[in-house]
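Text of the file run.pdb, holding PDB, C-alpha atoms:
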MODEL        1
ATOM      1  CA  MET A 239      11.342  -5.981   1.597
ATOM      2  CA  THR A 240      11.438  -7.593  -1.818
ATOM      3  CA  ARG A 241       8.177  -5.829  -2.664
ATOM      4  CA  VAL A 242       9.765  -2.480  -1.872
ATOM      5  CA  ALA A 243      13.064  -3.315  -3.594
ATOM      6  CA  MET A 244      11.112  -4.080  -6.737
ATOM      7  CA  ALA A 245      10.101  -0.435  -6.996
ATOM      8  CA  PHE A 246      13.753   0.337  -7.758
ATOM      9  CA  VAL A 247      14.813  -2.753  -9.700
ATOM     10  CA  SER A 248      12.081  -4.327 -11.706
ATOM     11  CA  ARG A 249      13.324  -7.905 -11.862
ATOM     12  CA  ARG A 250      12.429 -10.208  -9.017
ATOM     13  CA  ALA A 251      15.812 -11.985  -9.011
ATOM     14  CA  VAL A 252      17.683  -8.688  -8.744
ATOM     15  CA  ALA A 253      15.364  -7.526  -5.976
ATOM     16  CA  ASP A 254      16.118 -10.724  -4.044
ATOM     17  CA  GLU A 255      19.838 -10.000  -4.397
ATOM     18  CA  VAL A 256      19.282  -6.447  -3.196
ATOM     19  CA  VAL A 257      17.550  -7.779  -0.096
ATOM     20  CA  GLN A 258      20.448 -10.158   0.584
ATOM     21  CA  GLU A 259      22.957  -7.372   0.105
ATOM     22  CA  THR A 260      20.906  -5.203   2.444
ATOM     23  CA  TRP A 261      21.121  -7.783   5.217
ATOM     24  CA  LEU A 262      24.871  -8.101   4.730
ATOM     25  CA  ASN A 263      25.216  -4.336   5.003
ATOM     26  CA  VAL A 264      22.979  -4.281   8.036
ATOM     27  CA  VAL A 265      25.158  -6.793   9.830
ATOM     28  CA  ARG A 266      28.370  -5.062   8.706
ATOM     29  CA  SER A 267      27.289  -1.644   9.833
ATOM     30  CA  LEU A 268      25.429  -2.545  13.002
ATOM     31  CA  ASP A 269      28.003  -0.608  14.984
ATOM     32  CA  ALA A 270      26.843   2.529  13.214
ATOM     33  CA  PHE A 271      23.239   1.983  14.252
ATOM     34  CA  GLU A 272      22.626   4.372  17.085
ATOM     35  CA  GLY A 273      18.986   3.740  17.708
ATOM     36  CA  ARG A 274      17.974   7.215  16.589
ATOM     37  CA  SER A 275      15.434   5.712  14.236
ATOM     38  CA  SER A 276      13.803   2.351  14.640
ATOM     39  CA  LEU A 277      15.843  -0.592  13.457
ATOM     40  CA  ARG A 278      13.139  -1.189  10.889
ATOM     41  CA  THR A 279      13.429   2.297   9.395
ATOM     42  CA  TRP A 280      17.206   2.053   9.381
ATOM     43  CA  ILE A 281      17.071  -1.247   7.486
ATOM     44  CA  TYR A 282      14.736   0.293   4.902
ATOM     45  CA  THR A 283      17.157   3.191   4.432
ATOM     46  CA  ILE A 284      19.939   0.712   3.685
ATOM     47  CA  LEU A 285      17.603  -1.190   1.378
ATOM     48  CA  GLY A 286      16.859   2.013  -0.548
ATOM     49  CA  ASN A 287      20.565   2.789  -0.926
ATOM     50  CA  CYS A 288      21.452  -0.724  -2.090
ATOM     51  CA  ALA A 289      18.538  -0.803  -4.505
ATOM     52  CA  ARG A 290      19.340   2.577  -6.035
ATOM     53  CA  ARG A 291      22.986   1.626  -6.492
ATOM     54  CA  ARG A 292      21.979  -1.616  -8.098
ATOM     55  CA  ALA A 293      19.479   0.072 -10.398
ATOM     56  CA  GLU A 294      22.189   2.444 -11.612
ATOM     57  CA  GLN A 295      24.575  -0.400 -12.416
ATOM     58  CA  GLU A 296      22.026  -2.644 -14.021
ATOM     59  CA  GLN A 297      20.011  -0.657 -16.422
ATOM     60  CA  ARG A 298      19.413   2.561 -18.101
ATOM     61  CA  VAL A 299      17.985   4.428 -15.195
ATOM     62  CA  VAL A 300      14.390   5.402 -15.527
ATOM     63  CA  PRO A 301      13.624   7.814 -12.709
ATOM     64  CA  LEU A 302      11.065   6.341 -10.318
ATOM     65  CA  SER A 303       9.035   9.500 -10.601
ATOM     66  CA  GLU A 304       8.652   8.768 -14.303
ATOM     67  CA  ILE A 305       7.495   5.205 -13.710
ATOM     68  CA  ALA A 306       5.149   6.506 -11.053
ATOM     69  CA  ALA A 307       3.736   9.154 -13.385
ATOM     70  CA  ASP A 308       3.159   6.432 -15.925
ATOM     71  CA  GLU A 309       1.359   4.208 -13.431
ATOM     72  CA  ALA A 310      -0.664   7.148 -12.178
ATOM     73  CA  SER A 311      -1.758   8.296 -15.618
ATOM     74  CA  GLY A 312      -5.137   7.639 -17.139
ATOM     75  CA  ASP A 313      -8.395   8.246 -15.412
ATOM     76  CA  GLU A 314      -8.883   4.814 -13.907
ATOM     77  CA  LEU A 315      -9.931   5.663 -10.389
ATOM     78  CA  GLY A 316     -11.187   2.407  -9.061
ATOM     79  CA  VAL A 317     -14.658   2.773 -10.457
ATOM     80  CA  MET A 318     -15.629  -0.754 -11.349
ATOM     81  CA  GLN A 319     -17.101  -1.399 -14.758
ATOM     82  CA  GLY A 320     -20.723  -2.362 -14.714
ATOM     83  CA  ARG A 321     -21.434  -1.411 -11.140
ATOM     84  CA  PHE A 322     -22.946   1.979 -11.853
ATOM     85  CA  PHE A 323     -25.769   3.139 -14.081
ATOM     86  CA  GLU A 324     -24.227   4.600 -17.187
ATOM     87  CA  SER A 325     -27.127   6.684 -18.352
ATOM     88  CA  GLY A 326     -30.578   7.867 -17.453
ATOM     89  CA  ARG A 327     -31.895   9.302 -14.275
ATOM     90  CA  TRP A 328     -29.608   7.260 -12.020
ATOM     91  CA  VAL A 329     -26.387   7.827 -13.903
ATOM     92  CA  GLY A 330     -23.356   7.404 -11.648
ATOM     93  CA  MET A 331     -25.388   5.674  -8.924
ATOM     94  CA  TRP A 332     -24.777   2.075  -7.804
ATOM     95  CA  SER A 333     -26.565  -0.422 -10.011
ATOM     96  CA  THR A 334     -25.446  -3.403  -7.922
ATOM     97  CA  ALA A 335     -25.496  -4.047  -4.206
ATOM     98  CA  VAL A 336     -22.508  -3.221  -2.010
ATOM     99  CA  SER A 337     -22.142  -6.070   0.440
ATOM    100  CA  ARG A 338     -21.495  -5.452   4.118
ATOM    101  CA  TRP A 339     -18.748  -8.036   4.387
ATOM    102  CA  GLU A 340     -20.477  -9.449   7.432
ATOM    103  CA  GLU A 341     -18.886 -12.797   6.682
ATOM    104  CA  LEU A 342     -15.568 -11.402   7.824
ATOM    105  CA  PRO A 343     -14.742 -12.450  11.353
ATOM    106  CA  GLU A 344     -15.717  -9.917  13.979
ATOM    107  CA  ASP A 345     -12.170  -9.152  15.082
ATOM    108  CA  ARG A 346     -11.128  -8.678  11.464
ATOM    109  CA  VAL A 347      -8.092 -10.832  11.872
ATOM    110  CA  VAL A 348      -6.774 -11.915   8.524
ATOM    111  CA  SER A 349      -7.224 -15.628   7.973
ATOM    112  CA  SER A 350      -4.356 -17.333   6.215
ATOM    113  CA  GLU A 351      -6.481 -17.737   3.090
ATOM    114  CA  LEU A 352      -7.352 -14.056   2.967
ATOM    115  CA  ARG A 353      -3.735 -13.216   3.706
ATOM    116  CA  THR A 354      -2.644 -15.226   0.687
ATOM    117  CA  ALA A 355      -5.308 -13.586  -1.478
ATOM    118  CA  LEU A 356      -4.238 -10.107  -0.381
ATOM    119  CA  LEU A 357      -0.546 -10.785  -0.900
ATOM    120  CA  GLU A 358      -1.266 -12.155  -4.355
ATOM    121  CA  ALA A 359      -3.251  -9.033  -5.191
ATOM    122  CA  ILE A 360      -0.412  -6.809  -3.984
ATOM    123  CA  ASP A 361       2.201  -8.842  -5.857
ATOM    124  CA  GLY A 362       0.097  -8.538  -8.999
ATOM    125  CA  LEU A 363       0.181  -4.726  -8.901
ATOM    126  CA  PRO A 364       2.472  -2.544 -11.030
ATOM    127  CA  ARG A 365       5.707  -1.980  -9.101
ATOM    128  CA  MET A 366       5.155   1.556  -7.803
ATOM    129  CA  GLN A 367       1.628   0.792  -6.616
ATOM    130  CA  ARG A 368       2.988  -2.306  -4.908
ATOM    131  CA  ALA A 369       5.712  -0.324  -3.135
ATOM    132  CA  VAL A 370       3.334   2.462  -2.102
ATOM    133  CA  ILE A 371       0.703   0.201  -0.542
ATOM    134  CA  THR A 372       3.400  -1.881   1.158
ATOM    135  CA  LEU A 373       5.054   1.125   2.765
ATOM    136  CA  ARG A 374       1.863   3.041   3.560
ATOM    137  CA  ASP A 375      -0.589   0.394   4.660
ATOM    138  CA  VAL A 376       1.560  -2.599   5.582
ATOM    139  CA  GLU A 377       4.521  -0.795   7.142
ATOM    140  CA  GLY A 378       2.502   2.193   8.302
ATOM    141  CA  TRP A 379       4.662   5.002   6.896
ATOM    142  CA  SER A 380       3.222   8.491   6.420
ATOM    143  CA  ALA A 381       2.532   9.907   2.968
ATOM    144  CA  ASP A 382       5.467  12.320   3.343
ATOM    145  CA  GLU A 383       7.879   9.538   4.255
ATOM    146  CA  VAL A 384       6.836   7.472   1.250
ATOM    147  CA  CYS A 385       7.102  10.463  -1.113
ATOM    148  CA  ALA A 386      10.632  11.183   0.105
ATOM    149  CA  TYR A 387      11.733   7.547  -0.011
ATOM    150  CA  LEU A 388      10.438   6.848  -3.506
ATOM    151  CA  GLY A 389      10.888  10.366  -4.864
ATOM    152  CA  LEU A 390       7.208  10.825  -5.641
ATOM    153  CA  GLY A 391       4.990  13.869  -5.738
ATOM    154  CA  ASP A 392       2.133  14.010  -3.302
ATOM    155  CA  GLY A 393      -0.593  13.738  -5.921
ATOM    156  CA  ASN A 394       0.908  10.731  -7.662
ATOM    157  CA  GLN A 395       1.532   8.983  -4.367
ATOM    158  CA  ARG A 396      -2.168   9.335  -3.589
ATOM    159  CA  ILE A 397      -3.301   8.074  -6.989
ATOM    160  CA  LEU A 398      -1.002   5.046  -6.693
ATOM    161  CA  LEU A 399      -2.313   4.354  -3.197
ATOM    162  CA  HIS A 400      -5.891   4.748  -4.407
ATOM    163  CA  ARG A 401      -5.425   2.230  -7.199
ATOM    164  CA  ALA A 402      -3.563  -0.224  -5.014
ATOM    165  CA  ARG A 403      -6.225  -0.058  -2.296
ATOM    166  CA  ALA A 404      -8.957  -0.506  -4.888
ATOM    167  CA  ALA A 405      -7.218  -3.696  -6.041
ATOM    168  CA  ALA A 406      -6.893  -4.913  -2.449
ATOM    169  CA  ARG A 407     -10.579  -4.159  -1.863
ATOM    170  CA  SER A 408     -11.541  -6.179  -4.931
ATOM    171  CA  ALA A 409      -9.440  -9.098  -3.692
ATOM    172  CA  ILE A 410     -11.262  -9.055  -0.347
ATOM    173  CA  GLU A 411     -14.598  -8.776  -2.131
ATOM    174  CA  ARG A 412     -13.806 -11.843  -4.211
ATOM    175  CA  TYR A 413     -12.778 -13.675  -1.071
ATOM    176  CA  VAL A 414     -15.890 -12.666   0.901
ATOM    177  CA  GLU A 415     -18.269 -13.420  -1.904
ATOM    178  CA  GLY A 416     -16.469 -16.678  -2.560
ATOM    179  CA  GLY A 417     -16.549 -15.907  -6.251
ATOM    180  CA  THR A 418     -14.311 -17.837  -8.559
ATOM    181  CA  GLU A 419     -12.455 -15.435 -10.772
TER
ATOM    182  CA  MET B 238     -23.286  19.946  -8.161
ATOM    183  CA  MET B 239     -24.250  16.764  -6.418
ATOM    184  CA  LEU B 240     -21.709  13.979  -6.140
ATOM    185  CA  THR B 241     -22.629  10.664  -7.692
ATOM    186  CA  CYS B 242     -21.802   7.300  -6.138
ATOM    187  CA  ALA B 243     -19.084   6.877  -8.770
ATOM    188  CA  ASP B 244     -17.588  10.181  -7.570
ATOM    189  CA  ILE B 245     -17.517   8.831  -4.021
ATOM    190  CA  VAL B 246     -15.525   5.821  -5.241
ATOM    191  CA  LYS B 247     -13.084   8.143  -7.032
ATOM    192  CA  LEU B 248     -12.668  10.453  -4.055
ATOM    193  CA  VAL B 249     -12.533   7.911  -1.257
ATOM    194  CA  THR B 250      -8.731   7.920  -0.881
ATOM    195  CA  ASP B 251      -8.523  11.715  -0.939
ATOM    196  CA  TYR B 252     -11.214  11.690   1.738
ATOM    197  CA  LEU B 253      -9.470   9.120   3.936
ATOM    198  CA  GLU B 254      -6.157  10.955   3.454
ATOM    199  CA  GLY B 255      -7.726  14.217   4.596
ATOM    200  CA  GLU B 256      -6.920  15.858   1.277
ATOM    201  CA  LEU B 257     -10.345  17.184   0.338
ATOM    202  CA  THR B 258     -11.091  20.876   0.766
ATOM    203  CA  PRO B 259     -13.629  21.630   3.510
ATOM    204  CA  ALA B 260     -16.293  22.211   0.853
ATOM    205  CA  GLU B 261     -15.529  18.941  -0.943
ATOM    206  CA  ARG B 262     -15.405  17.153   2.351
ATOM    207  CA  SER B 263     -18.850  18.282   3.388
ATOM    208  CA  ARG B 264     -20.293  17.333  -0.005
ATOM    209  CA  PHE B 265     -18.654  13.917   0.341
ATOM    210  CA  GLU B 266     -20.021  13.413   3.841
ATOM    211  CA  GLY B 267     -23.421  14.758   2.806
ATOM    212  CA  HIS B 268     -23.679  12.125   0.097
ATOM    213  CA  VAL B 269     -22.478   9.272   2.287
ATOM    214  CA  ALA B 270     -24.920  10.249   5.031
ATOM    215  CA  ILE B 271     -27.918   9.629   2.808
ATOM    216  CA  CYS B 272     -26.542   6.787   0.667
ATOM    217  CA  PRO B 273     -26.289   3.359   2.350
ATOM    218  CA  PRO B 274     -24.351   1.665  -0.485
ATOM    219  CA  CYS B 275     -21.697   4.407  -0.371
ATOM    220  CA  ARG B 276     -21.563   4.096   3.399
ATOM    221  CA  GLY B 277     -20.972   0.379   2.806
ATOM    222  CA  TYR B 278     -18.243   1.169   0.295
ATOM    223  CA  LEU B 279     -16.509   3.592   2.655
ATOM    224  CA  ASP B 280     -16.645   0.893   5.361
ATOM    225  CA  GLN B 281     -15.157  -1.604   2.943
ATOM    226  CA  MET B 282     -12.266   0.745   2.195
ATOM    227  CA  ARG B 283     -11.598   1.280   5.904
ATOM    228  CA  THR B 284     -11.688  -2.483   6.440
ATOM    229  CA  THR B 285      -9.340  -2.955   3.483
ATOM    230  CA  VAL B 286      -6.768  -0.576   4.970
ATOM    231  CA  GLU B 287      -7.074  -2.374   8.314
ATOM    232  CA  LEU B 288      -6.684  -5.845   6.797
ATOM    233  CA  VAL B 289      -3.716  -4.829   4.639
ATOM    234  CA  GLY B 290      -2.161  -3.423   7.832
ATOM    235  CA  ASP B 291      -2.506  -6.867   9.398
ATOM    236  CA  LEU B 292      -0.085  -8.218   6.806
ATOM    237  CA  ARG B 293       2.755  -6.511   8.632
ATOM    238  CA  GLU B 294       5.141  -8.922  10.176
ATOM    239  CA  GLU B 295       5.643  -8.228  13.832
ATOM    240  CA  ASP B 296       8.797  -6.664  15.151
ATOM    241  CA  VAL B 297      10.796  -8.871  17.427
ATOM    242  CA  PRO B 298      10.160  -7.776  21.035
ATOM    243  CA  PRO B 299      12.505  -4.930  22.120
ATOM    244  CA  ASP B 300      14.494  -6.995  24.625
ATOM    245  CA  MET B 301      15.003  -9.709  22.023
ATOM    246  CA  GLU B 302      16.060  -7.042  19.494
ATOM    247  CA  GLU B 303      18.638  -5.685  21.937
ATOM    248  CA  HIS B 304      19.868  -9.200  22.607
ATOM    249  CA  LEU B 305      20.255  -9.894  18.880
ATOM    250  CA  LEU B 306      22.034  -6.589  18.252
ATOM    251  CA  VAL B 307      24.565  -7.368  20.976
ATOM    252  CA  ALA B 308      25.020 -10.914  19.683
ATOM    253  CA  PHE B 309      25.619  -9.697  16.117
ATOM    254  CA  ARG B 310      28.066  -7.027  17.210
ATOM    255  CA  ASP B 311      30.067  -9.542  19.236
ATOM    256  CA  TRP B 312      30.017 -11.974  16.372
ATOM    257  CA  ARG B 313      31.377  -9.277  14.047
ATOM    258  CA  ARG B 314      34.195  -8.485  16.440
ATOM    259  CA  ASP B 315      35.225 -12.138  16.532
ATOM    260  CA  GLU B 316      35.515 -12.296  12.765
TER
ENDMDL
END
Would you give me this structure, written as structure tokens?
Amino acid sequence: MTRVAMAFVSRRAVADEVVQETWLNVVRSLDAFEGRSSLRTWIYTILGNCARRRAEQEQRVVPLSEIAADEASGDELGVMQGRFFESGRWVGMWSTAVSRWEELPEDRVVSSELRTALLEAIDGLPRMQRAVITLRDVEGWSADEVCAYLGLGDGNQRILLHRARAAARSAIERYVEGGTE
Amino acid sequence: MMLTCADIVKLVTDYLEGELTPAERSRFEGHVAICPPCRGYLDQMRTTVELVGDLREEDVPPDMEEHLLVAFRDWRRDE
């Protein structure tokens, strides 16, 4: 929840307060919860409201869409430096091997070490990318739901997701290949 | 024009999101079909999405959730 709150309020301490306030509101307004959405979705709606209110009080409000556009700008599309031929006959083709990640356990259950590595990678992302990957891939929301919640356009949502997933992939790669950074 | 491996890396999210046009989609799949490293990369991305999904903390079981909701509501009423 803090990861999502930080899309709205950039400072960690404020985001923690927003999460606390959210829980207070949840408990206070439980009588209003009618089970029409899941409890989880309902709590995120309250979180969004608290966070937006807080962002308005705290700072000059930069619209999220603007921050998102900023994070989505540039042509960085997850193409890793030095992994493709840059000229000649094979330009744009892989110049290094792509490992099969066979070292990952068969059932693909996240070990606690990999879990930590992935969470660190997500926490290290710019705030909108962090919120998008958390809502899409961790919480399992649809693209439309995330666009509406964060006020993003479809294209930017996808670019943010693309970059965030690329960072998560790199974190797993480092873990699998046991490389020290 | 043929897609390069770098193009596959750029387009992979659009592909997984079902946002490529039918023509782009078939060029993407045509490349991946004959390019083992790109097939590996596509697999890695699918695995990544799966593993990130595993970070989700489980919901409390429905009967427990109901129990907690009732308990909280009662507690509020006693305040």
Practice task
Find the spatial neighbours of Ser276 in chain A, counting all atoms listed in the file, within a cut-off of 12 Å - ignore same-chain residues fewer than 3 positions away - and output them as a count of residues only.
Solution key: 13
Practice task
Please measure the separation of CA of Val265 in chain A and CA of Arg310 in chain B, giving the value in Å to one decimal.
Solution key: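 Separation between CA of Val265 in chain A and CA of Arg310 in chain B: 7.9 Å.
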Practice task
Pull out every residue of chain A that has at least one atom within 7 Å of chain B, counting all atoms listed in the file, and report them as a ChimeraX atom specification.
Solution key: /A:265,268-269,315-317,322,330-332,335-338,348,353,375-377,400,406-407
Limited to C-alpha atoms, could you put the picked residues into a file as a CSV table (one decimal), in the frame of the given file?
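To be explicit, this is the file written out as result.csv:
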chain,number,residue,atom,x,y,z
A,265,VAL,CA,25.2,-6.8,9.8
A,268,LEU,CA,25.4,-2.5,13.0
A,269,ASP,CA,28.0,-0.6,15.0
A,315,LEU,CA,-9.9,5.7,-10.4
A,316,GLY,CA,-11.2,2.4,-9.1
A,317,VAL,CA,-14.7,2.8,-10.5
A,322,PHE,CA,-22.9,2.0,-11.9
A,330,GLY,CA,-23.4,7.4,-11.6
A,331,MET,CA,-25.4,5.7,-8.9
A,332,TRP,CA,-24.8,2.1,-7.8
A,335,ALA,CA,-25.5,-4.0,-4.2
A,336,VAL,CA,-22.5,-3.2,-2.0
A,337,SER,CA,-22.1,-6.1,0.4
A,338,ARG,CA,-21.5,-5.5,4.1
A,348,VAL,CA,-6.8,-11.9,8.5
A,353,ARG,CA,-3.7,-13.2,3.7
A,375,ASP,CA,-0.6,0.4,4.7
A,376,VAL,CA,1.6,-2.6,5.6
A,377,GLU,CA,4.5,-0.8,7.1
A,400,HIS,CA,-5.9,4.7,-4.4
A,406,ALA,CA,-6.9,-4.9,-2.4
A,407,ARG,CA,-10.6,-4.2,-1.9
Exercise for the section: Check what the PyMOL selection byres ((chain A and resi 288) around 9) selects in the file above and give those residues as a ChimeraX atom specification. Expected result: /A:243,256-257,259-260,263,283-287,289-293
Could you please take those selected residues and save C-alpha atoms as a PDB file, in the frame of the given file?
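Resulting contents of result.pdb:
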ATOM      1  CA  ALA A 243      13.064  -3.315  -3.594  1.00  0.00           C
ATOM      2  CA  VAL A 256      19.282  -6.447  -3.196  1.00  0.00           C
ATOM      3  CA  VAL A 257      17.550  -7.779  -0.096  1.00  0.00           C
ATOM      4  CA  GLU A 259      22.957  -7.372   0.105  1.00  0.00           C
ATOM      5  CA  THR A 260      20.906  -5.203   2.444  1.00  0.00           C
ATOM      6  CA  ASN A 263      25.216  -4.336   5.003  1.00  0.00           C
ATOM      7  CA  THR A 283      17.157   3.191   4.432  1.00  0.00           C
ATOM      8  CA  ILE A 284      19.939   0.712   3.685  1.00  0.00           C
ATOM      9  CA  LEU A 285      17.603  -1.190   1.378  1.00  0.00           C
ATOM     10  CA  GLY A 286      16.859   2.013  -0.548  1.00  0.00           C
ATOM     11  CA  ASN A 287      20.565   2.789  -0.926  1.00  0.00           C
ATOM     12  CA  ALA A 289      18.538  -0.803  -4.505  1.00  0.00           C
ATOM     13  CA  ARG A 290      19.340   2.577  -6.035  1.00  0.00           C
ATOM     14  CA  ARG A 291      22.986   1.626  -6.492  1.00  0.00           C
ATOM     15  CA  ARG A 292      21.979  -1.616  -8.098  1.00  0.00           C
ATOM     16  CA  ALA A 293      19.479   0.072 -10.398  1.00  0.00           C
TER      17      ALA A 293
END
Practice task
Name the residues captured by the PyMOL selection byres ((chain A and resi 389) around 10) when it is applied to the shown file; answer as a list of chain:residue names.
Solution key: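 After applying the PyMOL selection byres ((chain A and resi 389) around 10), what remains is A:Pro301, A:Leu302, A:Ser303, A:Glu304, A:Ala306, A:Glu383, A:Val384, A:Cys385, A:Ala386, A:Tyr387, A:Leu388, A:Leu390, A:Gly391, A:Asp392, A:Gln395.
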Here's the selection I'm unsure about, the PyMOL selection byres ((chain A and resi 354-369) around 7); applied to the file above, which residues does it give, as a PDB file with C-alpha atoms, keeping the file's coordinate frame?
ATOM      1  CA  ARG A 241       8.177  -5.829  -2.664  1.00  0.00           C
ATOM      2  CA  VAL A 242       9.765  -2.480  -1.872  1.00  0.00           C
ATOM      3  CA  MET A 244      11.112  -4.080  -6.737  1.00  0.00           C
ATOM      4  CA  ALA A 245      10.101  -0.435  -6.996  1.00  0.00           C
ATOM      5  CA  ALA A 306       5.149   6.506 -11.053  1.00  0.00           C
ATOM      6  CA  SER A 350      -4.356 -17.333   6.215  1.00  0.00           C
ATOM      7  CA  GLU A 351      -6.481 -17.737   3.090  1.00  0.00           C
ATOM      8  CA  LEU A 352      -7.352 -14.056   2.967  1.00  0.00           C
ATOM      9  CA  ARG A 353      -3.735 -13.216   3.706  1.00  0.00           C
ATOM     10  CA  VAL A 370       3.334   2.462  -2.102  1.00  0.00           C
ATOM     11  CA  ILE A 371       0.703   0.201  -0.542  1.00  0.00           C
ATOM     12  CA  THR A 372       3.400  -1.881   1.158  1.00  0.00           C
ATOM     13  CA  LEU A 373       5.054   1.125   2.765  1.00  0.00           C
ATOM     14  CA  LEU A 398      -1.002   5.046  -6.693  1.00  0.00           C
ATOM     15  CA  LEU A 399      -2.313   4.354  -3.197  1.00  0.00           C
ATOM     16  CA  ALA A 402      -3.563  -0.224  -5.014  1.00  0.00           C
ATOM     17  CA  ALA A 405      -7.218  -3.696  -6.041  1.00  0.00           C
ATOM     18  CA  ALA A 406      -6.893  -4.913  -2.449  1.00  0.00           C
ATOM     19  CA  ALA A 409      -9.440  -9.098  -3.692  1.00  0.00           C
TER      20      ALA A 409
END
Practice task
Would you work out the distance separating CA of Met239 in chain A from CA of Val252 in chain A, expressed in Å to one decimal?
Solution key: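 Computing it gives 12.4 Å between the two atoms.
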Practice task
Mind giving me the straight-line distance from CA of Asp382 in chain A to CA of Arg396 in chain A in Å, one decimal?
Solution key: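 Atom-to-atom, CA of Asp382 in chain A and CA of Arg396 in chain A are spaced 10.7 Å apart.
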Problem - Residues near Val414 in chain A, cut-off 9 Å, only C-alpha atoms, skip fewer than 6 positions along chain, as a PyMOL selection string - result: chain A and resi 339-342+352
Okay, now the selection with C-alpha atoms, as a PDB file, in the coordinates of the input?
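Full text of result_36.pdb as output:
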ATOM      1  CA  TRP A 339     -18.748  -8.036   4.387  1.00  0.00           C
ATOM      2  CA  GLU A 340     -20.477  -9.449   7.432  1.00  0.00           C
ATOM      3  CA  GLU A 341     -18.886 -12.797   6.682  1.00  0.00           C
ATOM      4  CA  LEU A 342     -15.568 -11.402   7.824  1.00  0.00           C
ATOM      5  CA  LEU A 352      -7.352 -14.056   2.967  1.00  0.00           C
TER       6      LEU A 352
END
